[in-house]
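One file, data.cif, is given below (mmCIF, C-alpha atoms).
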data_target
#
loop_
_atom_site.label_atom_id
_atom_site.label_comp_id
_atom_site.auth_asym_id
_atom_site.auth_seq_id
_atom_site.Cartn_x
_atom_site.Cartn_y
_atom_site.Cartn_z
CA MET A 818 54.35 57.76 31.63
CA LYS A 819 55.49 57.18 28.07
CA PHE A 820 58.91 56.22 29.37
CA SER A 821 57.39 53.76 31.85
CA LYS A 822 55.35 52.08 29.13
CA HIS A 823 58.41 51.68 26.94
CA LEU A 824 60.44 50.23 29.79
CA ILE A 825 57.67 47.78 30.68
CA ALA A 826 57.48 46.66 27.05
CA VAL A 827 61.20 45.94 26.90
CA ALA A 828 61.12 44.14 30.26
CA THR A 829 58.25 41.98 29.05
CA ALA A 830 60.25 41.02 25.96
CA ALA A 831 63.17 40.06 28.16
CA ALA A 832 60.99 37.88 30.37
CA ILE A 833 59.74 36.00 27.33
CA LEU A 834 63.26 35.70 25.93
CA ALA A 835 64.81 34.08 28.98
CA PRO A 836 64.05 30.44 27.98
CA ALA A 837 64.56 30.98 24.25
CA THR A 838 67.26 29.04 22.45
CA ALA A 839 69.10 29.77 19.24
CA SER A 840 71.66 27.60 17.50
CA ALA A 841 75.11 27.94 16.06
CA THR A 842 75.70 30.66 13.49
CA THR A 843 79.15 32.33 13.68
CA GLY A 844 80.34 29.66 16.04
CA TYR A 845 77.49 30.04 18.50
CA PHE A 846 77.19 33.85 18.40
CA SER A 847 74.32 35.38 16.49
CA LEU A 848 75.17 36.89 13.11
CA ALA A 849 73.38 40.15 14.01
CA TYR A 850 71.06 41.75 16.54
CA GLY A 851 67.82 43.36 15.37
CA ALA A 852 66.18 43.19 11.95
CA LYS A 853 67.95 46.27 10.56
CA SER A 854 71.40 44.99 11.47
CA ARG A 855 70.54 41.50 10.20
CA GLY A 856 69.52 43.07 6.91
CA ILE A 857 73.14 44.14 6.39
CA ALA A 858 74.51 40.81 7.71
CA GLY A 859 75.58 42.43 10.97
CA ALA A 860 78.00 44.95 9.41
CA ALA A 861 76.98 47.51 12.03
CA THR A 862 80.13 48.56 13.92
CA ALA A 863 80.26 51.86 12.02
CA LEU A 864 76.62 51.91 10.86
CA SER A 865 74.27 51.87 13.84
CA GLN A 866 70.56 52.00 12.97
CA ASP A 867 68.60 51.42 16.21
CA THR A 868 68.70 50.60 19.91
CA TYR A 869 70.36 47.20 19.30
CA ALA A 870 73.62 49.07 18.73
CA ALA A 871 74.83 48.14 22.22
CA ALA A 872 75.02 44.50 21.11
CA VAL A 873 77.76 45.50 18.64
CA ASN A 874 79.09 49.01 19.36
CA PRO A 875 77.75 50.95 22.37
CA ALA A 876 78.75 54.29 20.83
CA GLY A 877 76.07 53.81 18.19
CA MET A 878 73.30 54.13 20.76
CA ALA A 879 73.75 57.93 20.52
CA LYS A 880 72.19 57.78 17.04
CA ALA A 881 68.93 56.32 18.39
CA VAL A 882 67.93 58.93 20.98
CA GLY A 883 64.20 58.73 21.75
CA THR A 884 63.79 55.41 19.93
CA ASN A 885 62.15 52.22 21.20
CA ASP A 886 62.46 48.83 19.51
CA ILE A 887 60.70 45.52 19.93
CA GLY A 888 61.74 42.56 17.80
CA ILE A 889 60.80 38.94 17.10
CA LEU A 890 63.22 36.55 15.40
CA VAL A 891 61.87 33.28 14.00
CA PHE A 892 64.93 31.08 13.64
CA SER A 893 65.09 27.67 11.95
CA PRO A 894 68.38 25.71 12.04
CA ASN A 895 68.42 22.32 10.33
CA ARG A 896 71.14 20.00 11.62
CA ALA A 897 72.23 16.42 10.94
CA ALA A 898 74.97 14.05 12.04
CA GLY A 899 76.19 10.63 10.96
CA THR A 900 78.45 8.34 12.99
CA PRO A 901 79.88 4.80 12.62
CA SER A 902 78.06 3.62 15.75
CA THR A 903 74.77 3.82 13.83
CA GLY A 904 75.99 2.77 10.42
CA ASN A 905 76.88 6.33 9.35
CA GLY A 906 73.24 6.96 8.55
CA GLU A 907 72.22 10.58 8.95
CA HIS A 908 70.37 11.57 12.12
CA GLU A 909 68.38 14.78 11.86
CA SER A 910 68.07 16.96 14.93
CA ASP A 911 64.53 17.85 15.99
CA SER A 912 63.50 21.22 17.48
CA ASN A 913 64.07 23.22 14.31
CA GLY A 914 62.03 26.32 15.14
CA PHE A 915 62.66 29.00 17.76
CA ILE A 916 60.96 32.33 18.53
CA ILE A 917 63.32 34.87 20.10
CA PRO A 918 62.05 38.30 21.27
CA SER A 919 64.34 41.29 21.97
CA GLY A 920 64.08 44.99 22.67
CA GLY A 921 65.76 48.27 23.51
CA PHE A 922 65.40 52.01 24.15
CA VAL A 923 67.61 55.13 24.31
CA ARG A 924 67.08 58.43 26.13
CA LYS A 925 69.01 61.70 26.23
CA LEU A 926 70.73 62.67 29.50
CA ASN A 927 72.10 66.02 28.36
CA ASP A 928 73.60 67.64 25.26
CA LYS A 929 76.52 65.19 25.22
CA MET A 930 75.27 62.03 26.92
CA THR A 931 72.64 59.34 26.39
CA TRP A 932 71.59 56.27 28.32
CA GLY A 933 69.62 53.23 27.27
CA MET A 934 69.28 49.46 27.26
CA SER A 935 69.55 46.65 24.74
CA ILE A 936 68.21 43.19 25.58
CA TYR A 937 69.08 40.39 23.19
CA ALA A 938 69.93 36.72 22.83
CA ASN A 939 73.62 36.12 22.29
CA GLY A 940 73.06 32.83 20.50
CA GLY A 941 73.33 29.34 21.89
CA MET A 942 73.92 25.69 21.11
CA ASN A 943 71.07 23.28 20.60
CA SER A 944 70.64 19.75 19.34
CA ASN A 945 67.94 17.16 19.90
CA TYR A 946 68.45 13.76 18.29
CA ASP A 947 65.74 11.19 18.79
CA ASP A 948 66.86 7.59 19.13
CA ASP A 949 64.74 6.49 16.16
CA SER A 950 65.41 9.37 13.73
CA ASN A 951 67.72 7.17 11.65
CA PRO A 952 66.29 3.81 10.53
CA ALA A 953 69.82 2.49 10.00
CA GLY A 954 70.57 3.22 13.66
CA ASN A 955 68.18 0.52 14.91
CA GLY A 956 66.69 2.74 17.58
CA ARG A 957 69.98 4.33 18.65
CA ASN A 958 71.04 7.97 18.78
CA PRO A 959 74.23 9.18 16.98
CA TYR A 960 76.40 7.91 19.86
CA GLY A 961 74.84 4.46 19.66
CA TYR A 962 72.65 4.54 22.77
CA PRO A 963 68.87 4.00 23.02
CA ASP A 964 68.02 7.41 24.44
CA ARG A 965 67.24 10.90 23.20
CA LEU A 966 70.50 12.86 22.80
CA GLY A 967 70.96 16.61 22.94
CA VAL A 968 72.06 19.80 24.65
CA ASP A 969 70.28 23.11 25.09
CA LEU A 970 72.26 26.28 25.83
CA ALA A 971 70.50 29.66 25.84
CA GLN A 972 72.10 33.02 26.61
CA LEU A 973 70.43 36.34 27.34
CA ILE A 974 72.27 39.67 27.63
CA PHE A 975 71.07 42.86 29.34
CA ALA A 976 73.21 45.79 28.19
CA PRO A 977 72.60 49.08 30.05
CA THR A 978 74.58 51.66 28.09
CA ILE A 979 75.95 55.21 28.36
CA THR A 980 77.39 57.26 25.48
CA TYR A 981 79.42 60.47 25.50
CA GLU A 982 79.95 62.81 22.56
CA LEU A 983 83.61 63.90 22.52
CA ASN A 984 82.90 66.38 19.73
CA LYS A 985 80.61 66.58 16.71
CA ASN A 986 82.57 63.83 14.91
CA HIS A 987 83.45 61.35 17.66
CA THR A 988 81.38 59.43 20.22
CA ILE A 989 82.34 56.79 22.75
CA GLY A 990 80.10 54.36 24.62
CA ALA A 991 80.18 51.67 27.29
CA SER A 992 77.78 48.86 28.15
CA LEU A 993 77.64 46.78 31.28
CA LEU A 994 76.92 43.26 30.07
CA VAL A 995 74.76 41.28 32.46
CA GLY A 996 74.52 37.73 31.17
CA TYR A 997 72.07 34.97 32.04
CA GLN A 998 72.41 31.47 30.61
CA GLN A 999 70.76 28.13 31.10
CA PHE A 1000 71.84 24.66 30.01
CA LYS A 1001 70.73 21.07 30.05
CA ALA A 1002 72.10 17.86 28.55
CA SER A 1003 70.47 14.51 27.94
CA GLY A 1004 71.60 11.17 26.54
CA LEU A 1005 75.31 11.57 27.38
CA GLN A 1006 75.53 8.41 29.49
CA GLY A 1007 78.17 7.09 27.10
CA PHE A 1008 80.52 9.82 28.33
CA CYS A 1009 80.51 8.57 31.93
CA GLY A 1010 83.69 6.58 31.36
CA LEU A 1011 85.43 9.88 30.56
CA LYS A 1012 84.76 11.34 34.02
CA GLY A 1013 87.53 9.33 35.65
CA ASP A 1014 85.57 8.42 38.78
CA GLY A 1015 85.23 4.73 37.93
CA LEU A 1016 81.45 4.71 38.32
CA CYS A 1017 80.94 3.16 34.87
CA ASP A 1018 82.93 2.35 31.75
CA GLY A 1019 80.56 3.99 29.25
CA THR A 1020 79.71 0.86 27.28
CA PRO A 1021 76.03 0.19 26.46
CA THR A 1022 76.16 -3.11 28.34
CA ASP A 1023 77.47 -1.56 31.58
CA PRO A 1024 74.71 -2.09 34.20
CA ASP A 1025 75.76 1.13 35.97
CA ILE A 1026 75.48 3.43 32.96
CA ASN A 1027 72.02 4.77 33.84
CA THR A 1028 72.47 5.08 37.59
CA ALA A 1029 72.08 8.44 39.32
CA ALA A 1030 75.71 8.27 40.50
CA ALA A 1031 77.06 7.71 36.97
CA ASN A 1032 74.98 10.57 35.53
CA LYS A 1033 75.58 13.08 38.33
CA GLY A 1034 77.34 16.19 37.03
CA LEU A 1035 77.25 14.84 33.47
CA THR A 1036 73.81 14.35 31.93
CA ASN A 1037 70.06 14.17 32.54
CA GLN A 1038 70.23 16.73 35.36
CA GLY A 1039 67.59 19.09 33.97
CA TYR A 1040 68.22 22.80 33.48
CA ASP A 1041 70.94 24.65 35.36
CA SER A 1042 71.38 28.42 35.15
CA ALA A 1043 74.11 30.98 35.77
CA TRP A 1044 74.59 34.76 35.87
CA GLY A 1045 77.67 36.78 35.01
CA THR A 1046 79.02 40.21 34.05
CA GLY A 1047 81.32 41.77 31.49
CA LEU A 1048 81.92 45.07 29.69
CA ARG A 1049 81.74 46.31 26.10
CA VAL A 1050 83.28 49.62 24.98
CA GLY A 1051 83.06 51.27 21.58
CA TRP A 1052 83.86 54.30 19.48
CA GLN A 1053 82.36 55.78 16.32
CA GLY A 1054 83.88 58.62 14.33
CA LYS A 1055 83.53 60.45 11.04
CA LEU A 1056 86.49 60.64 8.68
CA SER A 1057 84.55 62.90 6.37
CA GLU A 1058 80.97 63.94 5.72
CA ASN A 1059 80.31 60.62 3.96
CA VAL A 1060 82.65 58.14 5.68
CA SER A 1061 82.29 56.77 9.22
CA VAL A 1062 84.41 54.26 11.15
CA GLY A 1063 83.90 52.33 14.34
CA ALA A 1064 85.56 49.91 16.73
CA ALA A 1065 84.31 47.91 19.71
CA TYR A 1066 85.66 45.43 22.22
CA SER A 1067 83.78 43.15 24.61
CA THR A 1068 85.49 41.47 27.53
CA LYS A 1069 84.69 37.91 28.41
CA ILE A 1070 81.43 37.69 30.36
CA TYR A 1071 82.51 35.86 33.48
CA MET A 1072 79.72 33.44 34.32
CA ALA A 1073 79.06 31.43 37.46
CA GLU A 1074 79.58 27.69 37.04
CA PHE A 1075 76.98 25.14 35.99
CA ASP A 1076 77.09 23.11 39.20
CA LYS A 1077 74.77 20.43 37.82
CA TYR A 1078 77.23 19.81 34.95
CA ASP A 1079 80.57 20.10 36.74
CA LYS A 1080 81.64 16.73 35.31
CA LEU A 1081 80.89 17.75 31.72
CA PHE A 1082 82.42 21.19 31.12
CA ALA A 1083 86.08 21.91 31.83
CA GLU A 1084 86.96 23.85 34.97
CA GLN A 1085 84.20 22.21 37.00
CA GLY A 1086 81.29 23.46 34.90
CA ASP A 1087 82.62 26.89 33.95
CA PHE A 1088 81.17 28.24 30.70
CA ASP A 1089 82.08 31.91 30.19
CA ILE A 1090 80.86 33.91 27.18
CA PRO A 1091 83.91 34.66 25.00
CA ALA A 1092 85.50 38.06 24.47
CA ASN A 1093 85.16 39.54 20.99
CA TRP A 1094 86.06 42.65 19.00
CA SER A 1095 85.05 44.29 15.73
CA ILE A 1096 86.10 47.15 13.49
CA GLY A 1097 84.02 48.64 10.69
CA ILE A 1098 83.69 51.29 8.05
CA ALA A 1099 80.62 52.76 6.36
CA GLY A 1100 80.23 55.29 3.59
CA LYS A 1101 77.73 56.82 1.20
CA VAL A 1102 78.50 55.75 -2.35
CA SER A 1103 75.57 57.77 -3.71
CA PRO A 1104 72.89 60.00 -2.20
CA LYS A 1105 70.67 56.96 -1.64
CA VAL A 1106 73.14 54.11 -1.05
CA THR A 1107 75.32 53.46 1.99
CA MET A 1108 77.77 50.57 2.14
CA SER A 1109 79.25 49.08 5.31
CA ALA A 1110 81.85 46.43 6.11
CA ASP A 1111 82.99 44.79 9.36
CA ILE A 1112 85.66 42.41 10.61
CA GLN A 1113 84.70 40.58 13.81
CA ARG A 1114 86.86 38.25 15.87
CA ILE A 1115 85.31 35.92 18.48
CA LEU A 1116 87.86 34.58 20.98
CA TYR A 1117 86.52 31.10 21.69
CA SER A 1118 90.05 29.89 22.47
CA ASP A 1119 89.97 31.72 25.82
CA VAL A 1120 87.13 29.56 27.20
CA LYS A 1121 88.43 26.10 28.09
CA ALA A 1122 85.06 24.36 28.01
CA ILE A 1123 84.78 25.38 24.35
CA SER A 1124 88.40 25.32 23.18
CA ASN A 1125 89.97 22.30 24.93
CA ALA A 1126 90.60 19.48 22.48
CA GLY A 1127 88.16 16.62 22.22
CA PRO A 1128 88.95 12.89 22.24
CA THR A 1129 91.83 11.81 20.04
CA THR A 1130 90.80 10.04 16.85
CA ASP A 1131 93.73 7.70 16.19
CA ASN A 1132 94.34 5.76 19.42
CA ALA A 1133 92.27 2.60 19.67
CA MET A 1134 92.32 2.45 23.46
CA ASN A 1135 92.99 5.95 24.80
CA PRO A 1136 90.76 8.94 23.92
CA PHE A 1137 93.05 11.15 26.07
CA ALA A 1138 96.16 10.56 23.95
CA GLY A 1139 96.00 14.19 22.82
CA GLY A 1140 96.95 15.35 26.30
CA GLN A 1141 93.52 16.34 27.63
CA GLY A 1142 92.23 15.27 31.03
CA PHE A 1143 89.00 13.81 32.34
CA LEU A 1144 85.75 15.67 31.76
CA GLY A 1145 85.19 18.53 34.20
CA THR A 1146 88.85 19.03 35.09
CA ASP A 1147 90.76 22.21 34.24
CA ASN A 1148 92.26 20.43 31.22
CA GLY A 1149 89.17 18.36 30.55
CA LEU A 1150 87.98 17.27 27.11
CA GLY A 1151 86.13 19.99 25.20
CA PHE A 1152 84.77 20.91 21.79
CA GLY A 1153 88.10 21.91 20.22
CA TRP A 1154 86.87 25.27 18.94
CA LYS A 1155 89.19 27.92 17.53
CA ASP A 1156 88.83 31.69 17.37
CA VAL A 1157 86.41 32.63 14.60
CA THR A 1158 86.85 35.55 12.19
CA VAL A 1159 83.72 36.95 10.52
CA LEU A 1160 83.76 39.22 7.46
CA LYS A 1161 80.51 41.15 6.88
CA ILE A 1162 79.36 43.51 4.15
CA GLY A 1163 76.07 45.32 3.79
CA ALA A 1164 74.21 47.87 1.70
CA VAL A 1165 71.36 50.23 2.62
CA TYR A 1166 69.24 51.77 -0.15
CA GLU A 1167 66.98 54.68 0.84
CA HIS A 1168 64.37 54.28 -1.87
CA ASN A 1169 62.02 57.03 -0.66
CA ALA A 1170 60.42 58.37 2.52
CA ASN A 1171 58.40 55.18 2.95
CA PHE A 1172 60.82 52.41 2.05
CA THR A 1173 64.43 51.50 2.88
CA TYR A 1174 65.97 48.28 1.54
CA ARG A 1175 68.92 46.33 2.94
CA PHE A 1176 71.18 43.55 1.67
CA GLY A 1177 74.06 41.70 3.31
CA TYR A 1178 76.59 38.89 3.06
CA ALA A 1179 78.84 37.37 5.74
CA HIS A 1180 81.55 34.73 5.74
CA ASN A 1181 83.22 33.22 8.80
CA SER A 1182 86.13 30.87 9.36
CA GLU A 1183 85.37 27.37 10.57
CA ALA A 1184 84.94 26.90 14.31
CA PHE A 1185 86.67 23.51 14.58
CA ASP A 1186 88.86 21.18 12.56
CA ASP A 1187 87.72 17.95 10.95
CA ASP A 1188 89.33 15.86 13.71
CA GLU A 1189 87.09 17.50 16.35
CA LEU A 1190 83.72 16.31 15.09
CA ALA A 1191 82.87 13.66 17.68
CA PHE A 1192 81.80 16.00 20.49
CA ASN A 1193 80.51 18.57 18.00
CA VAL A 1194 77.67 16.21 17.08
CA LEU A 1195 76.12 18.09 20.02
CA ALA A 1196 76.90 21.52 18.53
CA PRO A 1197 77.29 21.18 14.76
CA ALA A 1198 78.45 24.74 14.06
CA THR A 1199 79.46 24.16 10.46
CA ILE A 1200 77.92 27.33 8.95
CA ARG A 1201 80.30 29.53 6.92
CA ASP A 1202 78.20 31.79 4.65
CA HIS A 1203 75.08 33.92 5.20
CA VAL A 1204 73.01 36.16 2.92
CA SER A 1205 70.26 38.52 4.04
CA ALA A 1206 67.75 40.97 2.61
CA GLY A 1207 65.04 43.11 4.11
CA PHE A 1208 63.18 46.39 4.18
CA THR A 1209 61.80 49.07 6.50
CA TYR A 1210 58.38 50.57 5.90
CA ARG A 1211 57.33 53.95 7.33
CA PRO A 1212 53.54 54.28 7.02
CA ASN A 1213 53.53 58.07 7.28
CA GLY A 1214 56.92 58.66 5.65
CA LYS A 1215 58.53 59.62 8.98
CA ASP A 1216 60.82 57.84 11.44
CA ASN A 1217 58.36 57.97 14.34
CA GLN A 1218 56.82 54.65 13.26
CA GLN A 1219 58.72 51.94 11.40
CA VAL A 1220 58.20 48.29 10.61
CA THR A 1221 61.18 46.22 9.48
CA PHE A 1222 61.29 42.72 7.96
CA THR A 1223 64.44 40.75 7.18
CA PHE A 1224 65.11 37.28 5.80
CA MET A 1225 68.42 35.50 6.37
CA HIS A 1226 69.67 32.26 4.83
CA ALA A 1227 72.78 30.39 5.93
CA PHE A 1228 73.99 28.05 3.20
CA GLU A 1229 74.34 24.37 4.01
CA ALA A 1230 77.85 23.50 5.15
CA ASN A 1231 79.26 20.04 5.80
CA GLN A 1232 82.27 18.69 7.64
CA SER A 1233 83.52 15.11 7.66
CA GLY A 1234 86.37 13.63 9.64
CA ALA A 1235 87.70 10.81 11.77
CA TYR A 1236 85.59 9.30 14.56
CA PRO A 1237 87.54 8.28 17.70
CA ALA A 1238 88.67 4.68 17.56
CA ALA A 1239 88.12 4.38 21.31
CA PHE A 1240 84.42 5.13 20.70
CA ASN A 1241 84.10 2.60 17.86
CA ASN A 1242 85.42 -0.76 19.10
CA GLY A 1243 89.02 0.24 18.43
CA THR A 1244 88.47 1.15 14.79
CA VAL A 1245 88.73 4.66 13.37
CA GLY A 1246 85.50 5.59 11.59
CA ARG A 1247 84.07 8.70 9.96
CA THR A 1248 81.80 11.40 11.35
CA SER A 1249 79.76 13.80 9.24
CA LEU A 1250 78.00 17.00 10.32
CA SER A 1251 75.82 19.39 8.34
CA MET A 1252 73.64 22.44 8.90
CA TYR A 1253 71.70 25.12 7.07
CA GLN A 1254 69.50 27.88 8.49
CA HIS A 1255 66.64 30.26 7.79
CA ALA A 1256 65.62 33.27 9.87
CA PHE A 1257 62.76 35.77 9.67
CA ASP A 1258 63.21 38.95 11.68
CA PHE A 1259 60.42 41.41 12.51
CA GLN A 1260 61.02 44.72 14.29
CA TYR A 1261 58.71 47.55 15.29
CA SER A 1262 60.32 50.92 16.08
CA TRP A 1263 58.74 54.08 17.40
CA THR A 1264 59.80 57.37 18.97
CA TYR A 1265 58.23 59.25 21.85
#
Could the structure of this file be written out as structure tokens, please?
Amino acid sequence: MKFSKHLIAVATAAAILAPATASATTGYFSLAYGAKSRGIAGAATALSQDTYAAAVNPAGMAKAVGTNDIGILVFSPNRAAGTPSTGNGEHESDSNGFIIPSGGFVRKLNDKMTWGMSIYANGGMNSNYDDDSNPAGNGRNPYGYPDRLGVDLAQLIFAPTITYELNKNHTIGASLLVGYQQFKASGLQGFCGLKGDGLCDGTPTDPDINTAAANKGLTNQGYDSAWGTGLRVGWQGKLSENVSVGAAYSTKIYMAEFDKYDKLFAEQGDFDIPANWSIGIAGKVSPKVTMSADIQRILYSDVKAISNAGPTTDNAMNPFAGGQGFLGTDNGLGFGWKDVTVLKIGAVYEHNANFTYRFGYAHNSEAFDDDELAFNVLAPATIRDHVSAGFTYRPNGKDNQQVTFTFMHAFEANQSGAYPAAFNNGTVGRTSLSMYQHAFDFQYSWTY
């Protein structure tokens, strides 16, 4: 019965999580999964601490046998964009607070094998610009239209996991990744001239711009959802009594298409979750202090909807001069994202039986160049640096009950670049994007 209660608790967390939305961090992936991992800025490939290990390295689930975790992340991204079409005044995105539950458990199968489940939000893209958030815009959103502008992408991952102990120093693991995502877009009527179907030209004075035919497959279609599957494999090993290493690789999660937005995303609405890999090392530098470090690589370039180039910035009449095709086609305009590399470092200090403290820092490469800002008004993933700190409290000095708190801050980062001339009456302008973030992570852990 204890097992059933734990499973029900995790399932309940997943049900709540389904509509939750996060915003861009390392690209649009989350920096970390679970409060303990977030406390060390996600440097967890070789240092697994709980049942969220499957979100990074499935092999680490073997270290959490008999553990159950429930978590709540309060996430606050603050985003702004300025464009020539509204006098370059800064528009601030609304919807700056999100509550994101998660959970997991691990059980022992036999002396060498475990099984369990992690349920977590992969991240997401979100923006919500009101048409009157910038007084200089005269009631227009960042693209110059009198309508609320924004996108909402949420992703949920179920990761059933099995581990196998090769010997006392080496463990391997595998997770089936079952992905669910939902998306909606609003206020993109100005893009209808980029669909290539001749239903409107995209100018504010076009009488057809708000018709159902012009918007079909592009914007204002409500939420659409999709399921998909992928696989993550991992290994953890000990080089010595005090030094551990780890490596993990996740395939692309192949998602069904967003049929309601087949004229927005490349490949007729396809939006797969990118493949990624990480390697890490962890070691005790003193009896009470363990350090860890990770390198993560997120392969955004392999998903055309994300990586295809956006509209060219220097041609007054032709936004496709860069070689991209109409929206929704295999070579359709996209966000112009590159692969992102993330460097993470963390420290764990075991103060005493009741308290453990954690600290972390992460730095990632930029997701897109300064000439790709126009479409990224919708997904201003400018963040480069994160710091985190937190603690675990054990009321009775034992691991059977633990409460963990973590705070994360992502420093404000700005990008500024050319705005497409074709979007600005034939004149090249300037676009500016900025973002900073706060996150509070709470986690309750218990053993049976």
Starting from the PyMOL selection byres ((chain A and resi 1130-1147) around 8), expand the selection into actual residues of this file and give them as a count of residues only. 31
Handout entry: Expected selection from the PyMOL selection byres ((chain A and resi 1231) around 9), given as a ChimeraX atom specification
Key = /A:1199-1200,1229-1230,1232-1233,1249-1252
Practice item. Apply the PyMOL selection byres ((chain A and resi 898) around 7) to the file shown and report the selected residues as a PyMOL selection string. Key: chain A and resi 897+899-900+907-909+959+1194+1249-1251
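Between atom CA of Lys1055 of chain A and atom CA of Val873 of chain A the interatomic distance comes to 17.7 Å.
In this model, the gap between atom CA of Ser1103 of chain A and atom CA of Phe1176 of chain A comes to 15.8 Å.
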